[in-house]
$ cat start_24.cif   # mmCIF, C-alpha atoms and all ligand atoms
data_target
#
loop_
_atom_site.label_atom_id
_atom_site.label_comp_id
_atom_site.auth_asym_id
_atom_site.auth_seq_id
_atom_site.Cartn_x
_atom_site.Cartn_y
_atom_site.Cartn_z
CA MET A 1 0.00 0.00 0.00
CA LEU A 2 2.86 2.38 0.86
CA VAL A 3 6.12 2.07 -1.02
CA ALA A 4 9.15 4.25 -0.21
CA ARG A 5 12.02 3.97 -2.69
CA ASN A 6 15.40 5.55 -2.00
CA VAL A 7 13.87 8.42 -0.07
CA THR A 8 16.33 11.14 0.94
CA LYS A 9 15.50 14.24 2.94
CA LYS A 10 17.91 17.14 3.39
CA PHE A 11 17.33 20.28 5.42
CA GLU A 12 19.09 23.57 4.79
CA SER A 13 19.83 25.19 8.13
CA HIS A 14 22.20 28.12 8.84
CA LYS A 15 23.92 27.65 5.48
CA LYS A 16 24.54 23.99 6.31
CA THR A 17 22.92 20.96 4.69
CA ILE A 18 21.65 18.32 7.12
CA THR A 19 20.89 14.94 5.60
CA ALA A 20 18.13 13.67 7.90
CA MET A 21 17.72 10.41 5.97
CA GLU A 22 19.27 8.86 2.90
CA ASP A 23 18.13 6.16 0.53
CA VAL A 24 15.37 4.83 2.76
CA SER A 25 13.35 2.08 1.09
CA LEU A 26 10.51 0.32 2.87
CA THR A 27 6.96 -0.89 2.42
CA ILE A 28 3.75 -1.10 4.44
CA GLY A 29 1.11 -3.59 3.36
CA LYS A 30 -2.66 -3.15 3.55
CA GLY A 31 -3.74 -3.61 7.16
CA GLU A 32 -0.16 -4.05 8.33
CA PHE A 33 1.24 -2.58 11.58
CA VAL A 34 4.80 -1.40 10.99
CA SER A 35 7.09 0.35 13.48
CA LEU A 36 10.21 2.44 13.03
CA LEU A 37 12.83 2.14 15.75
CA GLY A 38 16.25 3.74 15.94
CA PRO A 39 18.61 6.09 17.72
CA SER A 40 17.59 9.68 18.30
CA GLY A 41 18.06 11.80 15.20
CA CYS A 42 17.97 8.92 12.68
CA GLY A 43 15.06 10.52 10.83
CA LYS A 44 12.02 8.59 12.10
CA SER A 45 9.85 11.68 12.58
CA THR A 46 11.14 13.16 9.35
CA PHE A 47 10.04 10.06 7.46
CA LEU A 48 6.61 10.09 9.10
CA ARG A 49 6.14 13.75 8.15
CA LEU A 50 7.04 12.96 4.53
CA VAL A 51 4.44 10.19 4.45
CA ALA A 52 1.91 12.53 6.08
CA GLY A 53 2.60 14.96 3.25
CA LEU A 54 3.60 17.70 5.70
CA ASP A 55 7.10 18.16 4.21
CA PRO A 56 8.46 17.50 0.71
CA MET A 57 11.22 14.93 0.22
CA THR A 58 14.48 15.81 -1.50
CA GLU A 59 14.92 12.66 -3.61
CA GLY A 60 13.24 9.32 -4.13
CA GLU A 61 9.71 8.04 -4.47
CA LEU A 62 6.84 7.81 -1.98
CA ILE A 63 3.85 5.98 -3.37
CA LEU A 64 0.57 5.48 -1.54
CA HIS A 65 -2.21 3.48 -3.23
CA ASN A 66 -0.19 3.61 -6.47
CA GLU A 67 -0.13 7.44 -6.44
CA PRO A 68 2.82 9.66 -5.49
CA ILE A 69 2.33 11.55 -2.20
CA THR A 70 2.11 15.26 -2.98
CA GLY A 71 0.57 16.61 0.22
CA ALA A 72 -1.63 15.80 3.20
CA GLY A 73 -4.83 13.87 2.56
CA ARG A 74 -7.88 12.30 4.17
CA ASP A 75 -6.44 8.85 3.54
CA ARG A 76 -3.89 9.50 6.33
CA GLY A 77 -4.52 10.32 9.99
CA VAL A 78 -1.68 11.62 12.14
CA VAL A 79 -1.14 11.41 15.91
CA PHE A 80 1.82 13.21 17.50
CA GLN A 81 3.21 13.02 21.05
CA GLN A 82 1.69 16.44 21.79
CA TYR A 83 -2.09 16.13 21.73
CA SER A 84 -2.54 19.63 20.22
CA LEU A 85 -6.17 19.93 21.31
CA LEU A 86 -7.92 23.29 21.27
CA PRO A 87 -8.53 24.10 24.96
CA TRP A 88 -11.71 26.15 24.37
CA LEU A 89 -13.49 23.33 22.52
CA HIS A 90 -15.29 20.32 24.05
CA ALA A 91 -13.81 16.88 23.32
CA TRP A 92 -16.38 16.19 20.60
CA GLU A 93 -15.78 19.60 19.02
CA ASN A 94 -12.04 18.92 18.94
CA VAL A 95 -12.74 15.73 16.98
CA ALA A 96 -15.31 17.40 14.72
CA PHE A 97 -12.84 20.25 14.08
CA ALA A 98 -10.93 17.91 11.74
CA LEU A 99 -14.11 17.71 9.64
CA LYS A 100 -14.43 21.48 9.35
CA LYS A 101 -13.82 21.50 5.60
CA ALA A 102 -15.84 18.35 4.86
CA GLU A 103 -18.64 20.04 2.91
CA ASP A 104 -20.21 16.69 2.08
CA LEU A 105 -21.21 16.25 5.75
CA SER A 106 -23.95 18.11 7.63
CA ALA A 107 -23.33 19.52 11.13
CA ALA A 108 -25.36 16.65 12.59
CA GLN A 109 -23.29 14.05 10.69
CA LYS A 110 -20.06 15.64 11.91
CA LYS A 111 -21.29 15.48 15.48
CA GLU A 112 -22.40 11.89 15.04
CA LYS A 113 -18.98 10.90 13.66
CA ALA A 114 -17.19 12.67 16.52
CA TYR A 115 -19.35 10.83 19.08
CA HIS A 116 -18.78 7.51 17.28
CA TYR A 117 -14.99 7.81 17.35
CA LEU A 118 -14.93 9.06 20.95
CA ASP A 119 -16.88 5.93 21.84
CA LEU A 120 -14.39 3.78 19.90
CA VAL A 121 -11.47 5.19 21.92
CA GLY A 122 -13.30 4.64 25.22
CA LEU A 123 -14.49 8.20 25.90
CA LYS A 124 -18.24 7.68 25.88
CA GLY A 125 -19.66 10.11 28.42
CA PHE A 126 -16.75 12.59 28.09
CA GLU A 127 -17.90 14.23 24.86
CA MET A 128 -18.71 17.52 26.62
CA SER A 129 -15.46 17.68 28.63
CA TYR A 130 -12.83 20.31 27.91
CA PRO A 131 -9.22 19.11 27.40
CA ALA A 132 -8.17 20.54 30.79
CA GLN A 133 -10.76 18.27 32.45
CA LEU A 134 -9.18 15.16 30.90
CA SER A 135 -6.02 13.22 31.89
CA GLY A 136 -3.06 12.99 29.48
CA GLY A 137 -4.14 9.52 28.33
CA MET A 138 -7.70 10.73 27.76
CA GLN A 139 -6.47 13.74 25.79
CA GLN A 140 -4.41 11.42 23.60
CA ARG A 141 -7.56 9.32 23.08
CA VAL A 142 -9.30 12.46 21.79
CA ALA A 143 -6.34 13.06 19.45
CA ILE A 144 -6.61 9.47 18.18
CA ALA A 145 -10.37 9.90 17.61
CA ARG A 146 -9.61 13.09 15.68
CA ALA A 147 -7.11 11.23 13.48
CA LEU A 148 -9.70 8.55 12.74
CA VAL A 149 -12.68 10.67 11.68
CA PHE A 150 -11.99 10.29 7.97
CA HIS A 151 -11.53 6.54 8.43
CA PRO A 152 -7.97 6.75 7.06
CA SER A 153 -6.36 3.75 5.40
CA LEU A 154 -3.03 4.70 7.01
CA LEU A 155 -2.65 5.88 10.59
CA LEU A 156 0.66 7.63 11.31
CA MET A 157 1.70 7.74 14.97
CA ASP A 158 4.84 9.57 16.13
CA GLU A 159 5.86 8.57 19.68
CA PRO A 160 2.18 8.91 20.67
CA PHE A 161 2.63 7.61 24.20
CA GLY A 162 6.02 9.17 24.98
CA ALA A 163 4.53 11.58 27.52
CA LEU A 164 2.40 9.03 29.39
CA ASP A 165 3.13 7.01 32.54
CA ALA A 166 3.87 3.29 32.19
CA GLN A 167 0.40 2.06 33.23
CA THR A 168 -1.45 4.49 30.92
CA ARG A 169 0.98 3.62 28.14
CA ARG A 170 0.06 -0.07 28.41
CA GLU A 171 -3.65 0.79 28.27
CA MET A 172 -3.05 2.95 25.21
CA GLN A 173 -1.12 0.16 23.48
CA ASP A 174 -4.13 -2.12 23.90
CA LEU A 175 -6.37 0.68 22.63
CA VAL A 176 -4.25 1.04 19.50
CA MET A 177 -4.46 -2.72 18.92
CA LYS A 178 -8.25 -2.51 19.22
CA VAL A 179 -8.52 0.50 16.90
CA TRP A 180 -6.21 -1.17 14.37
CA SER A 181 -8.22 -4.40 14.33
CA GLU A 182 -11.62 -2.66 14.18
CA GLU A 183 -10.73 0.05 11.64
CA LYS A 184 -8.62 -2.37 9.57
CA CYS A 185 -6.18 0.42 8.74
CA SER A 186 -2.43 0.19 8.24
CA VAL A 187 -0.27 1.83 10.89
CA LEU A 188 3.17 3.44 10.74
CA PHE A 189 4.29 3.75 14.35
CA VAL A 190 7.41 5.60 15.52
CA THR A 191 8.71 4.65 18.95
CA HIS A 192 11.86 4.42 21.10
CA ASP A 193 10.33 1.66 23.18
CA VAL A 194 11.50 -1.80 22.13
CA ASP A 195 8.78 -3.70 24.06
CA GLU A 196 6.08 -1.46 22.58
CA ALA A 197 7.40 -2.00 19.05
CA ILE A 198 7.46 -5.80 19.43
CA TYR A 199 4.07 -5.93 21.17
CA LEU A 200 2.28 -3.90 18.50
CA SER A 201 4.04 -4.63 15.24
CA ASP A 202 3.66 -7.14 12.47
CA ARG A 203 6.96 -5.90 11.12
CA LEU A 204 9.51 -3.32 12.14
CA TYR A 205 12.43 -1.43 10.68
CA ILE A 206 15.49 -0.53 12.75
CA MET A 207 17.24 2.57 11.47
CA SER A 208 20.83 3.73 11.71
CA ALA A 209 21.80 7.37 12.24
CA HIS A 210 23.71 10.10 10.37
CA PRO A 211 22.37 9.83 7.84
CA GLY A 212 19.30 7.79 8.73
CA ARG A 213 19.05 4.53 6.79
CA VAL A 214 17.28 1.24 7.22
CA ALA A 215 19.70 -1.06 9.06
CA GLN A 216 17.44 -4.06 9.60
CA GLU A 217 13.92 -5.29 8.91
CA MET A 218 12.27 -7.78 11.24
CA THR A 219 8.98 -9.66 11.11
CA ILE A 220 7.39 -10.27 14.52
CA ASP A 221 5.99 -13.73 14.24
CA ILE A 222 3.73 -13.73 17.31
CA PRO A 223 0.03 -14.34 16.55
CA LYS A 224 -2.46 -11.52 17.16
CA PRO A 225 -4.38 -10.60 19.19
CA ARG A 226 -1.56 -10.41 21.71
CA ASP A 227 -1.81 -9.87 25.42
CA PHE A 228 0.46 -9.24 28.38
CA ASN A 229 1.51 -12.92 28.55
CA ASP A 230 3.06 -12.65 25.10
CA GLN A 231 5.47 -10.08 26.53
CA LEU A 232 6.87 -12.77 28.82
CA SER A 233 7.31 -15.43 26.14
CA ASP A 234 10.65 -16.80 24.91
CA LYS A 235 9.87 -15.56 21.42
CA PHE A 236 9.30 -12.02 22.68
CA MET A 237 12.62 -12.14 24.57
CA TYR A 238 14.35 -13.44 21.45
CA TYR A 239 13.14 -10.45 19.43
CA LYS A 240 13.95 -8.05 22.24
CA ARG A 241 17.54 -9.30 22.51
CA ALA A 242 18.03 -9.13 18.72
CA ILE A 243 16.66 -5.57 18.52
CA ILE A 244 18.66 -4.28 21.49
CA MET A 245 21.85 -5.78 20.01
CA GLU A 246 21.16 -4.05 16.69
CA LEU A 247 20.40 -0.73 18.43
CA GLU A 248 23.62 -1.01 20.46
CA LEU A 249 25.53 -1.68 17.25
CA GLN A 250 23.96 1.38 15.64
CA LYS A 251 24.77 3.48 18.71
CA SER A 252 28.44 2.47 18.65
CA LEU A 253 28.67 3.16 14.90
CA LYS A 254 27.08 6.57 15.48
CA ASN A 255 29.60 7.37 18.26
CA LYS A 256 32.51 6.26 16.05
CA THR A 257 31.31 8.57 13.25
CA ALA A 258 30.88 11.43 15.72
CA ASN A 259 34.41 10.92 17.12
CA LYS A 260 35.90 10.90 13.62
CA GLY A 261 34.02 14.14 12.84
N1 LIG B 1 13.06 21.26 10.24
C1 LIG B 1 14.33 20.83 10.37
N2 LIG B 1 15.38 21.65 10.05
C2 LIG B 1 16.64 21.20 10.15
N3 LIG B 1 16.99 19.96 10.59
C3 LIG B 1 15.99 19.13 10.92
C4 LIG B 1 14.61 19.52 10.84
N4 LIG B 1 13.85 18.47 11.23
C5 LIG B 1 14.71 17.47 11.56
N5 LIG B 1 15.99 17.88 11.36
C6 LIG B 1 17.20 17.07 11.57
O1 LIG B 1 17.02 15.83 10.90
C7 LIG B 1 17.56 14.77 11.67
C8 LIG B 1 16.47 13.72 11.92
O2 LIG B 1 15.50 14.28 12.82
P1 LIG B 1 14.21 13.47 13.28
O3 LIG B 1 13.47 14.35 14.24
O4 LIG B 1 13.50 12.98 12.11
O5 LIG B 1 14.87 12.25 14.05
P2 LIG B 1 14.16 11.15 14.99
O6 LIG B 1 14.76 9.84 14.63
O7 LIG B 1 12.69 11.27 14.91
O8 LIG B 1 14.66 11.62 16.42
P3 LIG B 1 13.97 11.39 17.86
O9 LIG B 1 13.91 9.92 18.05
O10 LIG B 1 14.94 12.06 18.81
O11 LIG B 1 12.63 12.05 17.83
C9 LIG B 1 18.14 15.38 12.94
O12 LIG B 1 19.53 15.58 12.75
C10 LIG B 1 17.40 16.70 13.04
O13 LIG B 1 18.18 17.66 13.70
#

$ encode --input "start_24.cif" --output "structure tokens"
Amino acid sequence: MLVARNVTKKFESHKKTITAMEDVSLTIGKGEFVSLLGPSGCGKSTFLRLVAGLDPMTEGELILHNEPITGAGRDRGVVFQQYSLLPWLHAWENVAFALKKAEDLSAAQKKEKAYHYLDLVGLKGFEMSYPAQLSGGMQQRVAIARALVFHPSLLLMDEPFGALDAQTRREMQDLVMKVWSEEKCSVLFVTHDVDEAIYLSDRLYIMSAHPGRVAQEMTIDIPKPRDFNDQLSDKFMYYKRAIIMELELQKSLKNKTANKG
């Protein structure tokens, strides 16, 4: 469904060129859950923003549904670590806000959709709450509902649970699994958390830094739906060890490059 071929992104900053990622090639299948893992600065967020159509790439090809990505679109929903809710709007209005330009929908249909997706993310009864009246996890649920209102075929999530405590994070991981299986969308998920990446993903890519490239691809062969017990299994530990070893390797290569520089 998504094909990235030799994608390179360079930024011009203070008369210097920063190559955020170089020659990145990867794929995401229909209904597949794919994570990006890698050291800080390897270009994970940059890649997600390119797929979201928020920034242009420098070189390469990004194809979604057989069409090149030229900008943002309803076929993609994005969730960032910051919830970015409008504090003066109720939860349902924050979700409906994403539908502002949807002229094909009446005000009543927009409200109905907002209520439907708030229900899906477990916020039935909180539709009339303001963001300040909701916990961090609940605010992120509103942000997820907002990303889902167009029923996107690809959900892009950039460290969505990075600001949450461990218990809430686990609840949110299960929520994402539920949303993914009910909406039948594909997911591109950026995370630093190895356990989270294994628990959620069908497949993951480990990236190297400076410039960011794909270092390794791994298929997580643990049947879904998964639960907490899977995180204690030998297979899970096998993947965890392999990923941590690869990340350590990437870290030492990054330090060597930095020392040479
Ligand atoms: N708008 C920008 N202007 C200049 N440089 C940028 C810009 N955005 C990102 N970069 C640079 O591109 C590189 C990749 O950044 P990016 O945020 O994509 O990495 P990341 O892997 O998501 O990092 P982290 O895991 O810490 O969030 C970094 O060196 C960063 O400084």

$ residues_near_ligand --input "start_24.cif" --ligand "ligand LIG 1 (chain B)" --cutoff "12 Å" --atoms "all atoms listed in the file" --output "MDAnalysis selection string"
chainID A and resid 8:22 36:50 54:57 80:81 157:160 162 189:193 206:214

$ closest_residue --input "start_24.cif" --among "A:Tyr238, A:Tyr117, A:Trp92, A:Phe97" --to "Glu182 in chain A" --atoms "only C-alpha atoms"
A:Tyr117

$ atom_distance --input "start_24.cif" --atom1 "CA of Val7 in chain A" --atom2 "CA of Glu59 in chain A"
5.6 Å

$ atom_distance --input "start_24.cif" --atom1 "CA of Arg226 in chain A" --atom2 "CA of Asp119 in chain A"
22.4 Å

$ closest_residue --input "start_24.cif" --among "A:Ala96, A:Ile243, A:Ala108, A:Val176" --to "Gly122 in chain A" --atoms "only C-alpha atoms"
A:Val176

$ closest_residue --input "start_24.cif" --among "A:Leu120, A:Ala132, A:Met138, A:Met1" --to "Pro68 in chain A" --atoms "all atoms listed in the file"
A:Met1

$ residues_around --input "start_24.cif" --residues "Arg5 in chain A" --least-positions-apart "3" --cutoff "10 Å" --atoms "all atoms listed in the file" --output "VMD selection string"
chain A and resid 2 8 23 to 27 59 to 63

$ atom_distance --input "start_24.cif" --atom1 "CA of Arg170 in chain A" --atom2 "CA of Phe228 in chain A"
9.2 Å

$ closest_residue --input "start_24.cif" --among "A:Gln167, A:Val121, A:Met128, A:Asp195" --to "Val179 in chain A" --atoms "only C-alpha atoms"
A:Val121

$ closest_atom_pairs --input "start_24.cif" --of "range 184-256 of chain A" --to "range 140-154 of chain A" --cutoff "7 Å" --atoms "only C-alpha atoms" --output "tab-separated table"
residue	atom	partner	partner_atom	distance
A:Cys185	CA	A:Ser153	CA	4.7
A:Ser186	CA	A:Leu154	CA	4.7
A:Val187	CA	A:Leu154	CA	5.6

$ residues_around --input "start_24.cif" --residues "Ser201 in chain A" --least-positions-apart "3" --cutoff "12 Å" --atoms "only C-alpha atoms" --output "VMD selection string"
chain A and resid 28 31 to 37 173 176 to 177 180 186 to 191 193 to 198 204 to 205 217 to 226 236 239

$ closest_residue --input "start_24.cif" --among "A:Lys100, A:Gly125, A:Leu155, A:Gly29" --to "Arg203 in chain A" --atoms "only C-alpha atoms"
A:Gly29

$ residues_around --input "start_24.cif" --residues "Leu89 in chain A" --least-positions-apart "5" --cutoff "8 Å" --atoms "only C-alpha atoms" --output "list in words"
Asn94, Tyr130 and Pro131 of chain A

$ decode --input "start_24.cif" --residues "range 19-120 of chain A" --atoms "C-alpha atoms" --output "PDB file, in the first residue's frame"
ATOM      1  CA  THR A  19      20.885  14.937   5.602  1.00  0.00           C
ATOM      2  CA  ALA A  20      18.132  13.674   7.896  1.00  0.00           C
ATOM      3  CA  MET A  21      17.715  10.407   5.968  1.00  0.00           C
ATOM      4  CA  GLU A  22      19.270   8.863   2.904  1.00  0.00           C
ATOM      5  CA  ASP A  23      18.131   6.155   0.528  1.00  0.00           C
ATOM      6  CA  VAL A  24      15.368   4.827   2.757  1.00  0.00           C
ATOM      7  CA  SER A  25      13.352   2.083   1.089  1.00  0.00           C
ATOM      8  CA  LEU A  26      10.513   0.320   2.871  1.00  0.00           C
ATOM      9  CA  THR A  27       6.960  -0.886   2.423  1.00  0.00           C
ATOM     10  CA  ILE A  28       3.752  -1.097   4.442  1.00  0.00           C
ATOM     11  CA  GLY A  29       1.111  -3.585   3.359  1.00  0.00           C
ATOM     12  CA  LYS A  30      -2.658  -3.147   3.549  1.00  0.00           C
ATOM     13  CA  GLY A  31      -3.739  -3.612   7.156  1.00  0.00           C
ATOM     14  CA  GLU A  32      -0.155  -4.046   8.332  1.00  0.00           C
ATOM     15  CA  PHE A  33       1.237  -2.579  11.575  1.00  0.00           C
ATOM     16  CA  VAL A  34       4.799  -1.405  10.985  1.00  0.00           C
ATOM     17  CA  SER A  35       7.090   0.349  13.479  1.00  0.00           C
ATOM     18  CA  LEU A  36      10.206   2.442  13.028  1.00  0.00           C
ATOM     19  CA  LEU A  37      12.830   2.136  15.755  1.00  0.00           C
ATOM     20  CA  GLY A  38      16.250   3.737  15.942  1.00  0.00           C
ATOM     21  CA  PRO A  39      18.613   6.094  17.716  1.00  0.00           C
ATOM     22  CA  SER A  40      17.588   9.685  18.302  1.00  0.00           C
ATOM     23  CA  GLY A  41      18.058  11.803  15.195  1.00  0.00           C
ATOM     24  CA  CYS A  42      17.965   8.924  12.684  1.00  0.00           C
ATOM     25  CA  GLY A  43      15.058  10.522  10.834  1.00  0.00           C
ATOM     26  CA  LYS A  44      12.024   8.585  12.095  1.00  0.00           C
ATOM     27  CA  SER A  45       9.848  11.679  12.578  1.00  0.00           C
ATOM     28  CA  THR A  46      11.138  13.156   9.351  1.00  0.00           C
ATOM     29  CA  PHE A  47      10.039  10.061   7.463  1.00  0.00           C
ATOM     30  CA  LEU A  48       6.610  10.085   9.102  1.00  0.00           C
ATOM     31  CA  ARG A  49       6.137  13.754   8.152  1.00  0.00           C
ATOM     32  CA  LEU A  50       7.044  12.963   4.534  1.00  0.00           C
ATOM     33  CA  VAL A  51       4.443  10.187   4.448  1.00  0.00           C
ATOM     34  CA  ALA A  52       1.908  12.529   6.078  1.00  0.00           C
ATOM     35  CA  GLY A  53       2.601  14.964   3.246  1.00  0.00           C
ATOM     36  CA  LEU A  54       3.597  17.700   5.699  1.00  0.00           C
ATOM     37  CA  ASP A  55       7.099  18.160   4.208  1.00  0.00           C
ATOM     38  CA  PRO A  56       8.458  17.502   0.711  1.00  0.00           C
ATOM     39  CA  MET A  57      11.215  14.930   0.222  1.00  0.00           C
ATOM     40  CA  THR A  58      14.482  15.808  -1.505  1.00  0.00           C
ATOM     41  CA  GLU A  59      14.917  12.664  -3.615  1.00  0.00           C
ATOM     42  CA  GLY A  60      13.238   9.320  -4.127  1.00  0.00           C
ATOM     43  CA  GLU A  61       9.711   8.038  -4.472  1.00  0.00           C
ATOM     44  CA  LEU A  62       6.844   7.812  -1.984  1.00  0.00           C
ATOM     45  CA  ILE A  63       3.852   5.977  -3.366  1.00  0.00           C
ATOM     46  CA  LEU A  64       0.567   5.475  -1.539  1.00  0.00           C
ATOM     47  CA  HIS A  65      -2.210   3.476  -3.227  1.00  0.00           C
ATOM     48  CA  ASN A  66      -0.194   3.613  -6.470  1.00  0.00           C
ATOM     49  CA  GLU A  67      -0.133   7.437  -6.440  1.00  0.00           C
ATOM     50  CA  PRO A  68       2.816   9.659  -5.486  1.00  0.00           C
ATOM     51  CA  ILE A  69       2.334  11.553  -2.202  1.00  0.00           C
ATOM     52  CA  THR A  70       2.111  15.261  -2.978  1.00  0.00           C
ATOM     53  CA  GLY A  71       0.570  16.615   0.217  1.00  0.00           C
ATOM     54  CA  ALA A  72      -1.627  15.796   3.202  1.00  0.00           C
ATOM     55  CA  GLY A  73      -4.831  13.867   2.556  1.00  0.00           C
ATOM     56  CA  ARG A  74      -7.880  12.303   4.171  1.00  0.00           C
ATOM     57  CA  ASP A  75      -6.435   8.849   3.541  1.00  0.00           C
ATOM     58  CA  ARG A  76      -3.886   9.495   6.327  1.00  0.00           C
ATOM     59  CA  GLY A  77      -4.524  10.317   9.989  1.00  0.00           C
ATOM     60  CA  VAL A  78      -1.678  11.621  12.142  1.00  0.00           C
ATOM     61  CA  VAL A  79      -1.136  11.414  15.913  1.00  0.00           C
ATOM     62  CA  PHE A  80       1.816  13.207  17.504  1.00  0.00           C
ATOM     63  CA  GLN A  81       3.208  13.020  21.046  1.00  0.00           C
ATOM     64  CA  GLN A  82       1.685  16.441  21.786  1.00  0.00           C
ATOM     65  CA  TYR A  83      -2.092  16.133  21.733  1.00  0.00           C
ATOM     66  CA  SER A  84      -2.544  19.629  20.219  1.00  0.00           C
ATOM     67  CA  LEU A  85      -6.174  19.930  21.311  1.00  0.00           C
ATOM     68  CA  LEU A  86      -7.922  23.292  21.270  1.00  0.00           C
ATOM     69  CA  PRO A  87      -8.525  24.101  24.958  1.00  0.00           C
ATOM     70  CA  TRP A  88     -11.706  26.146  24.371  1.00  0.00           C
ATOM     71  CA  LEU A  89     -13.493  23.326  22.525  1.00  0.00           C
ATOM     72  CA  HIS A  90     -15.290  20.322  24.048  1.00  0.00           C
ATOM     73  CA  ALA A  91     -13.813  16.876  23.320  1.00  0.00           C
ATOM     74  CA  TRP A  92     -16.383  16.191  20.601  1.00  0.00           C
ATOM     75  CA  GLU A  93     -15.782  19.603  19.017  1.00  0.00           C
ATOM     76  CA  ASN A  94     -12.038  18.918  18.936  1.00  0.00           C
ATOM     77  CA  VAL A  95     -12.736  15.734  16.981  1.00  0.00           C
ATOM     78  CA  ALA A  96     -15.306  17.397  14.716  1.00  0.00           C
ATOM     79  CA  PHE A  97     -12.840  20.248  14.076  1.00  0.00           C
ATOM     80  CA  ALA A  98     -10.929  17.913  11.735  1.00  0.00           C
ATOM     81  CA  LEU A  99     -14.114  17.707   9.639  1.00  0.00           C
ATOM     82  CA  LYS A 100     -14.432  21.482   9.352  1.00  0.00           C
ATOM     83  CA  LYS A 101     -13.816  21.498   5.598  1.00  0.00           C
ATOM     84  CA  ALA A 102     -15.843  18.350   4.865  1.00  0.00           C
ATOM     85  CA  GLU A 103     -18.640  20.040   2.905  1.00  0.00           C
ATOM     86  CA  ASP A 104     -20.213  16.685   2.080  1.00  0.00           C
ATOM     87  CA  LEU A 105     -21.212  16.255   5.750  1.00  0.00           C
ATOM     88  CA  SER A 106     -23.950  18.107   7.631  1.00  0.00           C
ATOM     89  CA  ALA A 107     -23.330  19.525  11.127  1.00  0.00           C
ATOM     90  CA  ALA A 108     -25.356  16.651  12.590  1.00  0.00           C
ATOM     91  CA  GLN A 109     -23.287  14.054  10.689  1.00  0.00           C
ATOM     92  CA  LYS A 110     -20.059  15.643  11.911  1.00  0.00           C
ATOM     93  CA  LYS A 111     -21.294  15.484  15.485  1.00  0.00           C
ATOM     94  CA  GLU A 112     -22.400  11.893  15.043  1.00  0.00           C
ATOM     95  CA  LYS A 113     -18.984  10.898  13.658  1.00  0.00           C
ATOM     96  CA  ALA A 114     -17.189  12.670  16.522  1.00  0.00           C
ATOM     97  CA  TYR A 115     -19.347  10.826  19.079  1.00  0.00           C
ATOM     98  CA  HIS A 116     -18.780   7.512  17.283  1.00  0.00           C
ATOM     99  CA  TYR A 117     -14.986   7.810  17.354  1.00  0.00           C
ATOM    100  CA  LEU A 118     -14.925   9.061  20.947  1.00  0.00           C
ATOM    101  CA  ASP A 119     -16.883   5.933  21.835  1.00  0.00           C
ATOM    102  CA  LEU A 120     -14.394   3.776  19.899  1.00  0.00           C
TER     103      LEU A 120
END
